[in-house]
file coords.cif (mmCIF, N, CA, C and O atoms)
data_coords
#
loop_
_atom_site.label_atom_id
_atom_site.label_comp_id
_atom_site.auth_asym_id
_atom_site.auth_seq_id
_atom_site.Cartn_x
_atom_site.Cartn_y
_atom_site.Cartn_z
N MET A 1 0.83 -1.20 0.00
CA MET A 1 0.00 0.00 0.00
C MET A 1 0.87 1.26 0.00
O MET A 1 0.52 2.24 -0.65
N GLU A 2 1.98 1.25 0.71
CA GLU A 2 2.86 2.42 0.74
C GLU A 2 3.44 2.71 -0.64
O GLU A 2 3.58 3.87 -1.02
N HIS A 3 3.77 1.66 -1.38
CA HIS A 3 4.30 1.85 -2.73
C HIS A 3 3.25 2.54 -3.61
O HIS A 3 3.58 3.46 -4.37
N PHE A 4 2.01 2.13 -3.49
CA PHE A 4 0.94 2.75 -4.26
C PHE A 4 0.80 4.22 -3.92
O PHE A 4 0.68 5.08 -4.81
N LYS A 5 0.84 4.56 -2.64
CA LYS A 5 0.73 5.95 -2.21
C LYS A 5 1.85 6.79 -2.78
O LYS A 5 1.63 7.92 -3.25
N GLN A 6 3.07 6.27 -2.75
CA GLN A 6 4.22 7.00 -3.28
C GLN A 6 4.09 7.22 -4.78
O GLN A 6 4.36 8.31 -5.29
N GLU A 7 3.69 6.19 -5.50
CA GLU A 7 3.51 6.31 -6.95
C GLU A 7 2.40 7.31 -7.28
O GLU A 7 2.52 8.07 -8.24
N LEU A 8 1.34 7.32 -6.51
CA LEU A 8 0.25 8.26 -6.73
C LEU A 8 0.74 9.70 -6.51
O LEU A 8 0.44 10.59 -7.30
N GLU A 9 1.49 9.93 -5.45
CA GLU A 9 2.05 11.26 -5.20
C GLU A 9 2.98 11.69 -6.33
O GLU A 9 2.95 12.85 -6.75
N ASN A 10 3.80 10.76 -6.82
CA ASN A 10 4.69 11.07 -7.94
C ASN A 10 3.89 11.46 -9.18
O ASN A 10 4.25 12.41 -9.88
N TYR A 11 2.82 10.73 -9.45
CA TYR A 11 2.01 11.02 -10.63
C TYR A 11 1.31 12.38 -10.49
O TYR A 11 1.27 13.15 -11.45
N ILE A 12 0.78 12.68 -9.33
CA ILE A 12 0.11 13.96 -9.12
C ILE A 12 1.11 15.10 -9.30
O ILE A 12 0.79 16.13 -9.91
N HIS A 13 2.32 14.94 -8.79
CA HIS A 13 3.34 15.97 -8.97
C HIS A 13 3.66 16.14 -10.46
O HIS A 13 3.73 17.27 -10.96
N TYR A 14 3.84 15.04 -11.16
CA TYR A 14 4.08 15.10 -12.61
C TYR A 14 2.92 15.82 -13.32
O TYR A 14 3.13 16.70 -14.14
N TYR A 15 1.71 15.45 -12.99
CA TYR A 15 0.52 15.97 -13.66
C TYR A 15 0.42 17.49 -13.50
O TYR A 15 0.07 18.20 -14.43
N ASN A 16 0.76 17.99 -12.32
CA ASN A 16 0.62 19.42 -12.05
C ASN A 16 1.84 20.25 -12.43
O ASN A 16 1.71 21.41 -12.77
N HIS A 17 3.03 19.66 -12.35
CA HIS A 17 4.24 20.45 -12.51
C HIS A 17 4.99 20.23 -13.83
O HIS A 17 5.71 21.13 -14.27
N LYS A 18 4.85 19.10 -14.46
CA LYS A 18 5.69 18.79 -15.62
C LYS A 18 4.92 18.54 -16.91
O LYS A 18 5.47 18.71 -17.98
N ARG A 19 3.66 18.14 -16.80
CA ARG A 19 2.87 17.80 -17.99
C ARG A 19 2.51 19.08 -18.74
O ARG A 19 1.96 20.02 -18.18
N ILE A 20 2.84 19.12 -20.01
CA ILE A 20 2.58 20.30 -20.83
C ILE A 20 1.27 20.12 -21.57
O ILE A 20 1.02 19.08 -22.16
N LYS A 21 0.44 21.15 -21.52
CA LYS A 21 -0.87 21.11 -22.19
C LYS A 21 -0.91 22.14 -23.31
O LYS A 21 -0.52 23.28 -23.12
N ALA A 22 -1.42 21.75 -24.46
CA ALA A 22 -1.57 22.68 -25.58
C ALA A 22 -2.59 23.77 -25.24
O ALA A 22 -2.42 24.92 -25.61
N LYS A 23 -3.65 23.41 -24.51
CA LYS A 23 -4.67 24.39 -24.12
C LYS A 23 -4.09 25.49 -23.24
O LYS A 23 -4.62 26.59 -23.19
N LEU A 24 -3.03 25.18 -22.51
CA LEU A 24 -2.43 26.15 -21.59
C LEU A 24 -1.21 26.81 -22.22
O LEU A 24 -0.29 27.22 -21.53
N LYS A 25 -1.24 26.93 -23.53
CA LYS A 25 -0.18 27.60 -24.29
C LYS A 25 1.18 26.95 -24.08
O LYS A 25 2.19 27.62 -23.97
N GLY A 26 1.20 25.63 -24.00
CA GLY A 26 2.45 24.89 -23.89
C GLY A 26 3.09 24.93 -22.51
O GLY A 26 4.27 24.66 -22.37
N MET A 27 2.32 25.28 -21.49
CA MET A 27 2.85 25.35 -20.13
C MET A 27 2.21 24.26 -19.28
O MET A 27 1.15 23.74 -19.61
N SER A 28 2.87 23.96 -18.17
CA SER A 28 2.26 23.05 -17.21
C SER A 28 1.19 23.83 -16.44
O SER A 28 1.13 25.07 -16.50
N LEU A 29 0.38 23.13 -15.67
CA LEU A 29 -0.68 23.77 -14.90
C LEU A 29 -0.12 24.79 -13.92
O LEU A 29 -0.61 25.92 -13.83
N VAL A 30 0.93 24.45 -13.21
CA VAL A 30 1.53 25.35 -12.24
C VAL A 30 2.13 26.57 -12.94
O VAL A 30 1.95 27.71 -12.49
N GLN A 31 2.82 26.37 -14.05
CA GLN A 31 3.40 27.49 -14.79
C GLN A 31 2.30 28.42 -15.28
O GLN A 31 2.43 29.64 -15.21
N TYR A 32 1.22 27.86 -15.79
CA TYR A 32 0.12 28.66 -16.32
C TYR A 32 -0.53 29.48 -15.20
O TYR A 32 -0.82 30.67 -15.39
N GLN A 33 -0.76 28.87 -14.05
CA GLN A 33 -1.37 29.60 -12.94
C GLN A 33 -0.47 30.72 -12.46
O GLN A 33 -0.94 31.82 -12.18
N THR A 34 0.83 30.48 -12.38
CA THR A 34 1.78 31.51 -11.98
C THR A 34 1.78 32.65 -13.00
O THR A 34 1.76 33.83 -12.62
N HIS A 35 1.79 32.31 -14.26
CA HIS A 35 1.78 33.31 -15.33
C HIS A 35 0.50 34.14 -15.27
O HIS A 35 0.54 35.37 -15.42
N ALA A 36 -0.64 33.52 -15.04
CA ALA A 36 -1.91 34.23 -14.98
C ALA A 36 -1.96 35.17 -13.78
O ALA A 36 -2.49 36.28 -13.88
N GLN A 37 -1.40 34.77 -12.66
CA GLN A 37 -1.38 35.63 -11.47
C GLN A 37 -0.49 36.84 -11.69
O GLN A 37 -0.80 37.93 -11.24
N GLU A 38 0.63 36.66 -12.37
CA GLU A 38 1.54 37.76 -12.63
C GLU A 38 0.92 38.77 -13.59
O GLU A 38 1.16 39.96 -13.48
N ALA A 39 0.13 38.28 -14.52
CA ALA A 39 -0.49 39.15 -15.52
C ALA A 39 -1.65 39.95 -14.92
O ALA A 39 -1.97 41.02 -15.43
N ALA A 40 -2.25 39.46 -13.87
CA ALA A 40 -3.42 40.13 -13.28
C ALA A 40 -3.06 41.30 -12.40
O ALA A 40 -2.05 41.65 -12.04
#
call {"tool": "encode", "arguments": {"input": "coords.cif", "output": "C-alpha cells"}}
result
Amino acid sequence: MEHFKQELENYIHYYNHKRIKAKLKGMSLVQYQTHAQEAA
C-alpha cells in the first residue's frame, strides 16, 4: 500500500508540474497559474 501511495504522489506531482498542455499555451498547470497571477 505504501508503494501505491508514493507512486500516486509522484504522478500527481508530474501531472501538475511537468505535464505540458496545448490548451495552456504549452505550459504546465503550475506554470500557467503563476503566469496568470503575474499578468493580473
call {"tool": "select_by_dssp", "arguments": {"input": "coords.cif", "residues": "chain A", "states": "alpha helix (DSSP H)", "output": "list in words"}}
result
Glu2, His3, Phe4, Lys5, Gln6, Glu7, Leu8, Glu9, Asn10, Tyr11, Ile12, His13, Tyr14, Tyr15, Asn16, His17, Leu29, Val30, Gln31, Tyr32, Gln33, Thr34, His35, Ala36, Gln37, Glu38 and Ala39 of chain A
call {"tool": "closest_residue", "arguments": {"input": "coords.cif", "among": "A:Glu2, A:His35, A:Ala40, A:Leu29", "to": "Asn16 in chain A", "atoms": "all atoms listed in the file"}}
result
A:Leu29
call {"tool": "residues_around", "arguments": {"input": "coords.cif", "residues": "range 7-15 of chain A", "least_positions_apart": "4", "cutoff": "12 Å", "atoms": "only C-alpha atoms", "output": "PyMOL selection string"}}
result
chain A and resi 1-3+19-21+27-31
call {"tool": "axis_aligned_box", "arguments": {"input": "coords.cif", "around": "range 2-19 of chain A", "padding_each_side": "4 Å", "output": "JSON"}}
result
{"center_x": 2.9, "center_y": 11.3, "center_z": -9.0, "size_x": 13.6, "size_y": 28.2, "size_z": 27.5}
call {"tool": "atom_distance", "arguments": {"input": "coords.cif", "atom1": "atom O of Gln33 in chain A", "atom2": "CA of Lys18 in chain A"}}
result
15.0 Å
call {"tool": "atom_distance", "arguments": {"input": "coords.cif", "atom1": "atom N of Thr34 in chain A", "atom2": "CA of His17 in chain A"}}
result
10.6 Å
call {"tool": "atom_distance", "arguments": {"input": "coords.cif", "atom1": "atom O of Lys25 in chain A", "atom2": "atom O of Glu38 in chain A"}}
result
16.2 Å
